[in-house]
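Chemist: This one is upload-v6.pdb, PDB, C-alpha atoms, pLDDT in the B column.
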ATOM      1  CA  MET A   1     120.893 -39.494   1.922  1.00 48.00           C
ATOM      2  CA  ALA A   2     123.621 -38.871  -0.600  1.00 53.00           C
ATOM      3  CA  GLU A   3     124.385 -41.595  -3.056  1.00 63.00           C
ATOM      4  CA  ARG A   4     127.625 -43.489  -2.564  1.00 69.00           C
ATOM      5  CA  LEU A   5     130.203 -43.130  -5.268  1.00 71.00           C
ATOM      6  CA  ASP A   6     131.513 -46.678  -4.865  1.00 73.00           C
ATOM      7  CA  THR A   7     128.194 -48.307  -5.827  1.00 74.00           C
ATOM      8  CA  PRO A   8     126.782 -48.338  -9.364  1.00 71.00           C
ATOM      9  CA  LYS A   9     123.536 -46.552 -10.097  1.00 71.00           C
ATOM     10  CA  GLU A  10     120.413 -48.522 -10.680  1.00 70.00           C
ATOM     11  CA  SER A  11     119.174 -48.705 -14.219  1.00 68.00           C
ATOM     12  CA  ARG A  12     116.179 -46.506 -14.852  1.00 69.00           C
ATOM     13  CA  ARG A  13     113.451 -47.077 -17.358  1.00 70.00           C
ATOM     14  CA  SER A  14     113.286 -44.459 -20.059  1.00 68.00           C
ATOM     15  CA  LEU A  15     110.069 -43.257 -21.703  1.00 72.00           C
ATOM     16  CA  ILE A  16     111.556 -43.634 -25.174  1.00 73.00           C
ATOM     17  CA  PRO A  17     112.274 -47.253 -26.080  1.00 71.00           C
ATOM     18  CA  ARG A  18     115.833 -47.976 -27.087  1.00 73.00           C
ATOM     19  CA  ILE A  19     116.311 -49.297 -30.571  1.00 73.00           C
ATOM     20  CA  GLN A  20     118.722 -52.218 -30.636  1.00 75.00           C
ATOM     21  CA  VAL A  21     120.827 -51.981 -33.760  1.00 72.00           C
ATOM     22  CA  GLU A  22     123.614 -54.326 -34.673  1.00 78.00           C
ATOM     23  CA  ARG A  23     126.555 -52.033 -34.451  1.00 78.00           C
ATOM     24  CA  ASP A  24     128.801 -54.101 -36.632  1.00 81.00           C
ATOM     25  CA  THR A  25     126.407 -54.200 -39.557  1.00 84.00           C
ATOM     26  CA  PHE A  26     125.444 -50.530 -39.279  1.00 83.00           C
ATOM     27  CA  GLY A  27     129.091 -49.605 -38.918  1.00 84.00           C
ATOM     28  CA  LYS A  28     129.992 -51.482 -42.109  1.00 87.00           C
ATOM     29  CA  ILE A  29     127.218 -49.609 -44.009  1.00 88.00           C
ATOM     30  CA  ALA A  30     128.276 -46.240 -42.616  1.00 87.00           C
ATOM     31  CA  GLU A  31     131.898 -46.964 -43.393  1.00 87.00           C
ATOM     32  CA  GLY A  32     131.026 -47.906 -46.970  1.00 89.00           C
ATOM     33  CA  ILE A  33     129.078 -44.662 -47.500  1.00 89.00           C
ATOM     34  CA  ALA A  34     131.816 -42.560 -45.925  1.00 88.00           C
ATOM     35  CA  ARG A  35     134.454 -44.182 -48.090  1.00 88.00           C
ATOM     36  CA  PHE A  36     132.356 -43.553 -51.221  1.00 90.00           C
ATOM     37  CA  MET A  37     131.872 -39.912 -50.240  1.00 88.00           C
ATOM     38  CA  GLY A  38     135.635 -39.497 -50.049  1.00 86.00           C
ATOM     39  CA  THR A  39     136.250 -40.664 -53.608  1.00 90.00           C
ATOM     40  CA  PRO A  40     136.545 -38.541 -56.783  1.00 92.00           C
ATOM     41  CA  GLN A  41     133.570 -40.349 -58.260  1.00 93.00           C
ATOM     42  CA  PHE A  42     131.260 -38.889 -55.620  1.00 92.00           C
ATOM     43  CA  LEU A  43     132.485 -35.403 -56.412  1.00 92.00           C
ATOM     44  CA  VAL A  44     131.855 -35.930 -60.123  1.00 94.00           C
ATOM     45  CA  TYR A  45     128.371 -37.304 -59.516  1.00 94.00           C
ATOM     46  CA  MET A  46     127.522 -34.499 -57.060  1.00 92.00           C
ATOM     47  CA  THR A  47     128.747 -31.859 -59.472  1.00 93.00           C
ATOM     48  CA  ALA A  48     126.751 -33.309 -62.353  1.00 95.00           C
ATOM     49  CA  PHE A  49     123.597 -33.462 -60.202  1.00 93.00           C
ATOM     50  CA  CYS A  50     123.910 -29.819 -59.101  1.00 93.00           C
ATOM     51  CA  VAL A  51     124.554 -28.626 -62.667  1.00 93.00           C
ATOM     52  CA  ALA A  52     121.555 -30.526 -63.964  1.00 93.00           C
ATOM     53  CA  TRP A  53     119.356 -29.188 -61.153  1.00 91.00           C
ATOM     54  CA  LEU A  54     120.367 -25.620 -61.710  1.00 90.00           C
ATOM     55  CA  SER A  55     120.085 -25.865 -65.517  1.00 91.00           C
ATOM     56  CA  TRP A  56     116.596 -27.334 -65.439  1.00 90.00           C
ATOM     57  CA  ASN A  57     115.264 -24.856 -62.934  1.00 88.00           C
ATOM     58  CA  SER A  58     116.915 -21.952 -64.769  1.00 87.00           C
ATOM     59  CA  PHE A  59     116.459 -22.715 -68.455  1.00 87.00           C
ATOM     60  CA  GLY A  60     113.737 -25.299 -68.468  1.00 84.00           C
ATOM     61  CA  PRO A  61     110.045 -24.697 -69.156  1.00 86.00           C
ATOM     62  CA  GLU A  62     108.455 -22.560 -66.505  1.00 83.00           C
ATOM     63  CA  ASP A  63     105.533 -24.933 -66.021  1.00 84.00           C
ATOM     64  CA  LEU A  64     107.946 -27.787 -65.260  1.00 85.00           C
ATOM     65  CA  ARG A  65     110.305 -25.919 -62.930  1.00 86.00           C
ATOM     66  CA  PHE A  66     110.044 -27.214 -59.325  1.00 86.00           C
ATOM     67  CA  ASP A  67     112.692 -25.010 -57.687  1.00 84.00           C
ATOM     68  CA  SER A  68     112.355 -21.361 -58.621  1.00 80.00           C
ATOM     69  CA  ARG A  69     115.424 -19.288 -59.213  1.00 82.00           C
ATOM     70  CA  VAL A  70     113.631 -16.313 -57.698  1.00 81.00           C
ATOM     71  CA  PHE A  71     113.769 -17.899 -54.221  1.00 82.00           C
ATOM     72  CA  GLY A  72     117.439 -18.875 -54.609  1.00 81.00           C
ATOM     73  CA  PHE A  73     116.979 -22.582 -55.212  1.00 87.00           C
ATOM     74  CA  THR A  74     115.633 -23.179 -51.743  1.00 90.00           C
ATOM     75  CA  LEU A  75     114.907 -26.844 -52.316  1.00 90.00           C
ATOM     76  CA  LEU A  76     118.478 -27.541 -53.516  1.00 91.00           C
ATOM     77  CA  THR A  77     119.842 -25.755 -50.471  1.00 91.00           C
ATOM     78  CA  LEU A  78     117.714 -27.920 -48.155  1.00 92.00           C
ATOM     79  CA  MET A  79     118.811 -31.072 -49.933  1.00 91.00           C
ATOM     80  CA  LEU A  80     122.503 -30.191 -49.653  1.00 91.00           C
ATOM     81  CA  SER A  81     122.077 -29.332 -45.981  1.00 93.00           C
ATOM     82  CA  LEU A  82     120.329 -32.653 -45.337  1.00 92.00           C
ATOM     83  CA  GLN A  83     123.079 -34.508 -47.173  1.00 90.00           C
ATOM     84  CA  ALA A  84     125.756 -32.697 -45.113  1.00 90.00           C
ATOM     85  CA  SER A  85     123.934 -33.411 -41.844  1.00 91.00           C
ATOM     86  CA  TYR A  86     123.886 -37.130 -42.574  1.00 90.00           C
ATOM     87  CA  SER A  87     127.364 -37.360 -44.015  1.00 90.00           C
ATOM     88  CA  ALA A  88     128.991 -36.000 -40.837  1.00 89.00           C
ATOM     89  CA  PRO A  89     127.707 -38.805 -38.516  1.00 89.00           C
ATOM     90  CA  LEU A  90     128.503 -41.404 -41.135  1.00 89.00           C
ATOM     91  CA  ILE A  91     132.057 -40.136 -41.364  1.00 89.00           C
ATOM     92  CA  LEU A  92     132.323 -40.164 -37.556  1.00 89.00           C
ATOM     93  CA  LEU A  93     131.099 -43.776 -37.416  1.00 88.00           C
ATOM     94  CA  ALA A  94     133.646 -44.753 -40.024  1.00 88.00           C
ATOM     95  CA  GLN A  95     136.373 -42.982 -38.052  1.00 89.00           C
ATOM     96  CA  ASN A  96     135.332 -44.796 -34.869  1.00 88.00           C
ATOM     97  CA  ARG A  97     135.575 -48.151 -36.605  1.00 88.00           C
ATOM     98  CA  GLN A  98     138.928 -47.210 -38.041  1.00 88.00           C
ATOM     99  CA  THR A  99     140.034 -46.149 -34.555  1.00 90.00           C
ATOM    100  CA  ASP A 100     138.993 -49.518 -33.160  1.00 89.00           C
ATOM    101  CA  ARG A 101     140.910 -51.291 -35.878  1.00 90.00           C
ATOM    102  CA  ASP A 102     143.945 -49.126 -35.245  1.00 93.00           C
ATOM    103  CA  ARG A 103     143.754 -49.888 -31.527  1.00 93.00           C
ATOM    104  CA  VAL A 104     143.567 -53.620 -32.167  1.00 93.00           C
ATOM    105  CA  ALA A 105     146.409 -53.415 -34.682  1.00 94.00           C
ATOM    106  CA  ALA A 106     148.479 -51.366 -32.229  1.00 94.00           C
ATOM    107  CA  GLU A 107     147.864 -53.957 -29.499  1.00 94.00           C
ATOM    108  CA  GLN A 108     148.920 -56.737 -31.833  1.00 94.00           C
ATOM    109  CA  ASP A 109     151.978 -54.766 -32.882  1.00 94.00           C
ATOM    110  CA  ARG A 110     152.863 -54.175 -29.233  1.00 94.00           C
ATOM    111  CA  GLN A 111     152.562 -57.879 -28.444  1.00 94.00           C
ATOM    112  CA  SER A 112     154.584 -58.745 -31.517  1.00 95.00           C
ATOM    113  CA  ALA A 113     157.223 -56.205 -30.535  1.00 95.00           C
ATOM    114  CA  GLU A 114     157.391 -57.692 -27.024  1.00 95.00           C
ATOM    115  CA  ARG A 115     157.822 -61.181 -28.464  1.00 94.00           C
ATOM    116  CA  ASN A 116     160.482 -59.929 -30.856  1.00 95.00           C
ATOM    117  CA  LEU A 117     162.264 -58.182 -28.008  1.00 95.00           C
ATOM    118  CA  ALA A 118     162.153 -61.336 -25.879  1.00 95.00           C
ATOM    119  CA  ASP A 119     163.424 -63.409 -28.797  1.00 95.00           C
ATOM    120  CA  THR A 120     166.176 -60.888 -29.470  1.00 94.00           C
ATOM    121  CA  GLU A 121     167.262 -60.914 -25.840  1.00 94.00           C
ATOM    122  CA  TYR A 122     167.247 -64.709 -25.833  1.00 95.00           C
ATOM    123  CA  VAL A 123     169.329 -64.845 -29.005  1.00 94.00           C
ATOM    124  CA  ALA A 124     171.729 -62.269 -27.564  1.00 94.00           C
ATOM    125  CA  ARG A 125     172.164 -64.333 -24.388  1.00 93.00           C
ATOM    126  CA  GLU A 126     172.708 -67.489 -26.434  1.00 93.00           C
ATOM    127  CA  ILE A 127     175.292 -65.742 -28.610  1.00 91.00           C
ATOM    128  CA  ALA A 128     177.097 -64.472 -25.505  1.00 89.00           C
ATOM    129  CA  ALA A 129     177.085 -67.995 -24.045  1.00 90.00           C
ATOM    130  CA  LEU A 130     178.422 -69.393 -27.318  1.00 87.00           C
ATOM    131  CA  ARG A 131     181.194 -66.808 -27.372  1.00 84.00           C
ATOM    132  CA  ILE A 132     182.183 -67.776 -23.835  1.00 84.00           C
ATOM    133  CA  ALA A 133     182.068 -71.464 -24.754  1.00 82.00           C
ATOM    134  CA  ILE A 134     184.053 -70.905 -27.950  1.00 78.00           C
ATOM    135  CA  GLY A 135     186.667 -69.070 -25.921  1.00 74.00           C
ATOM    136  CA  ASP A 136     187.293 -72.316 -23.991  1.00 72.00           C
ATOM    137  CA  VAL A 137     187.249 -74.557 -27.081  1.00 71.00           C
ATOM    138  CA  ALA A 138     190.516 -75.353 -28.810  1.00 71.00           C
ATOM    139  CA  THR A 139     190.847 -73.652 -32.159  1.00 76.00           C
ATOM    140  CA  ARG A 140     192.420 -75.090 -35.292  1.00 82.00           C
ATOM    141  CA  ASP A 141     195.673 -73.174 -34.823  1.00 84.00           C
ATOM    142  CA  PHE A 142     195.930 -74.277 -31.204  1.00 81.00           C
ATOM    143  CA  VAL A 143     195.406 -77.936 -32.134  1.00 85.00           C
ATOM    144  CA  ARG A 144     197.998 -77.674 -34.892  1.00 89.00           C
ATOM    145  CA  SER A 145     200.545 -76.148 -32.516  1.00 90.00           C
ATOM    146  CA  GLU A 146     199.906 -78.873 -29.941  1.00 89.00           C
ATOM    147  CA  ILE A 147     200.296 -81.621 -32.554  1.00 92.00           C
ATOM    148  CA  ARG A 148     203.506 -79.985 -33.811  1.00 91.00           C
ATOM    149  CA  ASN A 149     204.903 -79.901 -30.269  1.00 91.00           C
ATOM    150  CA  LEU A 150     204.026 -83.555 -29.735  1.00 92.00           C
ATOM    151  CA  LEU A 151     205.724 -84.529 -32.993  1.00 92.00           C
ATOM    152  CA  GLU A 152     208.847 -82.622 -31.976  1.00 91.00           C
ATOM    153  CA  GLU A 153     208.880 -84.375 -28.596  1.00 91.00           C
ATOM    154  CA  LEU A 154     208.447 -87.785 -30.257  1.00 91.00           C
ATOM    155  CA  ALA A 155     211.268 -87.035 -32.701  1.00 90.00           C
ATOM    156  CA  ALA A 156     213.542 -86.012 -29.815  1.00 89.00           C
ATOM    157  CA  ASP A 157     212.689 -89.216 -27.926  1.00 88.00           C
ATOM    158  CA  LEU A 158     213.433 -91.343 -31.015  1.00 88.00           C
ATOM    159  CA  ASP A 159     216.771 -89.586 -31.517  1.00 84.00           C
ATOM    160  CA  GLY A 160     217.673 -90.235 -27.876  1.00 81.00           C
ATOM    161  CA  ARG A 161     216.739 -93.890 -28.153  1.00 81.00           C
ATOM    162  CA  ASP A 162     218.806 -94.271 -31.347  1.00 72.00           C
ATOM    163  CA  GLY A 163     221.811 -92.752 -29.550  1.00 68.00           C
ATOM    164  CA  ASP A 164     221.393 -95.144 -26.602  1.00 66.00           C
ATOM    165  CA  VAL A 165     221.190 -98.118 -28.986  1.00 61.00           C
ATOM    166  CA  GLY A 166     224.390 -96.990 -30.731  1.00 59.00           C
ATOM    167  CA  HIS A 167     226.251 -96.671 -27.397  1.00 58.00           C
ATOM    168  CA  ARG A 168     225.043-100.112 -26.422  1.00 60.00           C
ATOM    169  CA  ARG A 169     226.272-101.573 -29.711  1.00 60.00           C
ATOM    170  CA  ASP A 170     229.685 -99.925 -29.193  1.00 60.00           C
ATOM    171  CA  ASP A 171     229.926-101.300 -25.655  1.00 59.00           C
ATOM    172  CA  ARG A 172     228.880-104.830 -26.655  1.00 60.00           C
ATOM    173  CA  PRO A 173     232.390-105.993 -27.903  1.00 63.00           C
ATOM    174  CA  ARG A 174     233.993-104.672 -24.744  1.00 64.00           C
ATOM    175  CA  ARG A 175     231.525-106.502 -22.576  1.00 65.00           C
ATOM    176  CA  GLU A 176     231.980-109.675 -24.595  1.00 68.00           C
ATOM    177  CA  GLY A 177     235.777-109.453 -24.211  1.00 68.00           C
ATOM    178  CA  ARG A 178     235.389-108.933 -20.461  1.00 70.00           C
ATOM    179  CA  GLY A 179     233.060-111.907 -20.273  1.00 66.00           C
ATOM    180  CA  ARG A 180     235.540-114.114 -22.121  1.00 70.00           C
ATOM    181  CA  LYS A 181     238.347-113.128 -19.799  1.00 68.00           C
ATOM    182  CA  GLU A 182     236.225-113.906 -16.758  1.00 73.00           C
ATOM    183  CA  ASP A 183     235.244-117.267 -18.271  1.00 71.00           C
ATOM    184  CA  ARG A 184     238.908-118.108 -18.855  1.00 73.00           C
ATOM    185  CA  LYS A 185     239.798-117.219 -15.298  1.00 70.00           C
ATOM    186  CA  ARG A 186     236.987-119.339 -13.958  1.00 72.00           C
ATOM    187  CA  SER A 187     237.956-122.278 -16.212  1.00 69.00           C
ATOM    188  CA  GLY A 188     241.633-122.054 -15.128  1.00 63.00           C
ATOM    189  CA  ALA A 189     240.655-122.120 -11.463  1.00 57.00           C
ATOM    190  CA  GLY A 190     238.424-125.140 -12.054  1.00 53.00           C
ATOM    191  CA  SER A 191     241.103-127.114 -13.941  1.00 50.00           C
ATOM    192  CA  GLY A 192     243.636-126.743 -11.116  1.00 50.00           C
ATOM    193  CA  SER A 193     241.377-128.489  -8.648  1.00 46.00           C
ATOM    194  CA  GLY A 194     240.071-131.208 -11.046  1.00 45.00           C
ATOM    195  CA  ASP A 195     241.440-134.550 -12.119  1.00 44.00           C
ATOM    196  CA  LYS A 196     244.400-134.715 -14.401  1.00 43.00           C
ATOM    197  CA  VAL A 197     243.842-136.149 -17.840  1.00 42.00           C
ATOM    198  CA  LYS A 198     246.386-138.676 -18.960  1.00 43.00           C
ATOM    199  CA  VAL A 199     246.829-139.559 -22.592  1.00 41.00           C
ATOM    200  CA  LYS A 200     248.531-142.728 -23.611  1.00 45.00           C
ATOM    201  CA  VAL A 201     250.656-142.338 -26.689  1.00 41.00           C
ATOM    202  CA  LYS A 202     252.359-145.257 -28.355  1.00 44.00           C
ATOM    203  CA  VAL A 203     255.761-144.200 -29.585  1.00 42.00           C
ATOM    204  CA  ALA A 204     257.773-146.471 -31.867  1.00 45.00           C
ATOM    205  CA  VAL A 205     261.502-146.311 -30.980  1.00 43.00           C
ATOM    206  CA  PRO A 206     263.928-147.649 -33.577  1.00 44.00           C
ATOM    207  CA  ALA A 207     266.101-150.600 -32.478  1.00 44.00           C
ATOM    208  CA  GLU A 208     269.231-149.395 -34.075  1.00 42.00           C
ATOM    209  CA  SER A 209     269.555-146.253 -32.022  1.00 40.00           C
ATOM    210  CA  SER A 210     268.761-147.739 -28.681  1.00 43.00           C
ATOM    211  CA  GLY A 211     270.295-151.231 -29.066  1.00 45.00           C
ATOM    212  CA  VAL A 212     267.309-152.875 -27.525  1.00 44.00           C
ATOM    213  CA  ASP A 213     265.045-155.378 -29.117  1.00 48.00           C
ATOM    214  CA  PRO A 214     261.865-153.546 -29.950  1.00 44.00           C
ATOM    215  CA  SER A 215     259.832-156.608 -29.358  1.00 46.00           C
ATOM    216  CA  THR A 216     260.994-156.797 -25.736  1.00 45.00           C
ATOM    217  CA  THR A 217     260.496-153.185 -24.929  1.00 46.00           C
ATOM    218  CA  THR A 218     257.224-151.680 -23.840  1.00 47.00           C
ATOM    219  CA  PRO A 219     256.403-148.124 -24.688  1.00 47.00           C
ATOM    220  CA  GLU A 220     256.128-145.759 -21.834  1.00 49.00           C
ATOM    221  CA  THR A 221     253.154-143.536 -21.538  1.00 48.00           C
ATOM    222  CA  PRO A 222     254.313-139.958 -21.348  1.00 47.00           C
ATOM    223  CA  GLU A 223     252.535-137.573 -19.160  1.00 51.00           C
ATOM    224  CA  THR A 224     250.808-134.877 -21.058  1.00 50.00           C
ATOM    225  CA  PRO A 225     250.427-131.394 -19.760  1.00 48.00           C
ATOM    226  CA  GLU A 226     247.293-130.616 -17.919  1.00 53.00           C
ATOM    227  CA  THR A 227     244.497-129.373 -20.109  1.00 51.00           C
ATOM    228  CA  PRO A 228     241.982-126.996 -18.756  1.00 48.00           C
ATOM    229  CA  GLU A 229     238.753-128.690 -17.973  1.00 53.00           C
ATOM    230  CA  THR A 230     235.416-127.136 -18.828  1.00 50.00           C
ATOM    231  CA  PRO A 231     233.775-125.893 -15.623  1.00 48.00           C
ATOM    232  CA  GLU A 232     230.803-127.851 -14.486  1.00 51.00           C
ATOM    233  CA  THR A 233     227.450-126.333 -15.092  1.00 47.00           C
ATOM    234  CA  PRO A 234     224.201-127.223 -13.316  1.00 47.00           C
ATOM    235  CA  GLU A 235     222.701-128.444 -16.561  1.00 47.00           C
ATOM    236  CA  ARG A 236     225.476-130.746 -17.910  1.00 47.00           C
ATOM    237  CA  ALA A 237     228.342-132.510 -16.025  1.00 45.00           C
ATOM    238  CA  ALA A 238     231.949-132.726 -17.314  1.00 45.00           C
ATOM    239  CA  PRO A 239     233.308-136.219 -18.389  1.00 46.00           C
ATOM    240  CA  ALA A 240     234.984-138.049 -15.475  1.00 48.00           C
ATOM    241  CA  GLY A 241     237.326-140.691 -17.069  1.00 48.00           C
ATOM    242  CA  PRO A 242     240.673-140.110 -18.881  1.00 48.00           C
ATOM    243  CA  ILE A 243     240.699-139.848 -22.619  1.00 49.00           C
ATOM    244  CA  THR A 244     243.240-142.140 -24.420  1.00 48.00           C
ATOM    245  CA  PRO A 245     243.708-141.432 -28.058  1.00 46.00           C
ATOM    246  CA  GLU A 246     244.562-144.357 -30.320  1.00 48.00           C
ATOM    247  CA  SER A 247     247.579-144.261 -32.643  1.00 38.00           C
TER     248      SER A 247
END
Just dump the structure as structure tokens.

Modeler:
Amino acid sequence: MAERLDTPKESRRSLIPRIQVERDTFGKIAEGIARFMGTPQFLVYMTAFCVAWLSWNSFGPEDLRFDSRVFGFTLLTLMLSLQASYSAPLILLAQNRQTDRDRVAAEQDRQSAERNLADTEYVAREIAALRIAIGDVATRDFVRSEIRNLLEELAADLDGRDGDVGHRRDDRPRREGRGRKEDRKRSGAGSGSGDKVKVKVKVAVPAESSGVDPSTTTPETPETPETPETPETPERAAPAGPITPES
């Protein structure tokens, strides 16, 4: 029976035991070695080591030479090959760690860019809303023009009121004269219907001109012309009796 592709395979036991190595620690070591191998110091040290090796095995005492020049420095070649074979995996491990860091940094940059974009869009919307709101708000020039118009209207109203007051002052003497005439007419009508006021006046007539004893004569009271009587008002009543002035 063929195995299904939608089900995971069962873990199988291997003959070689797996060595559990802490990847983070080993990766830090490999990254440190790879970084040192990429520095100028490593090149200087490697060059000095190769020069010393070749000089000793070429010009040193024959009894103390350990890598013969006749065989082409075989031991040095093996050592350089071994160093190259180990340096390649170390460099790859360092690159993998750097790739992981770059991926994490790229993810953080992407999230930061999304937040910045959202913030920028929010600020743009707020600025657009403020522009719309400011368009409806009265500006300084508009307020000044409105205040100027109100002052002009108030000045026009005051001028109109002053003109009306002047016309009223000019018409006041005329109205007073008309009121006096009406009062006179009313007083004349009231005096015609009222009692007549008689005034007794003592007149001294000389005896020589009339030939009559002044002691025997009695003075006659002349009738005085009718005087207009003040019309009665509801508050105060006019005097009722005649007024007789004394001589």

Chemist: As an exercise, work out the distance from atom CA of A:Asp63 to atom CA of A:Val44 in Å and give it to one decimal place.

Modeler: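 Value for the atom CA of A:Asp63-atom CA of A:Val44 distance: 29.1 Å.
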
Chemist: How far is it from atom CA of A:Arg101 to atom CA of A:Ile33, in Å with one decimal?

Modeler: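 Atom-to-atom, atom CA of A:Arg101 and atom CA of A:Ile33 are spaced 17.9 Å apart.
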
Chemist: Could you tell me which residues the PyMOL selection byres ((chain A and resi 96) around 12) grabs in this file, written as a PyMOL selection string?

Modeler: chain A and resi 23-24+27-28+30-31+34+89-95+97-103

Chemist: Between atom CA of A:Met46 and atom CA of A:Glu62, what is the spacing in Å?

Modeler: 24.4 Å

Chemist: Using the chain letters and residue numbers of this document, give as a ChimeraX atom specification the residues selected by the PyMOL selection byres ((chain A and resi 47-58) around 12).

Modeler: /A:40-46,59-77,79-80

Chemist: Could you check the closest approach to A:Gly38 for each of A:Arg131, A:Arg184, A:Arg178, A:Ala88 and tell me which residue wins, using all atoms listed in the file?

Modeler: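 Counting all atoms listed in the file, the residue closest to A:Gly38 is A:Ala88.
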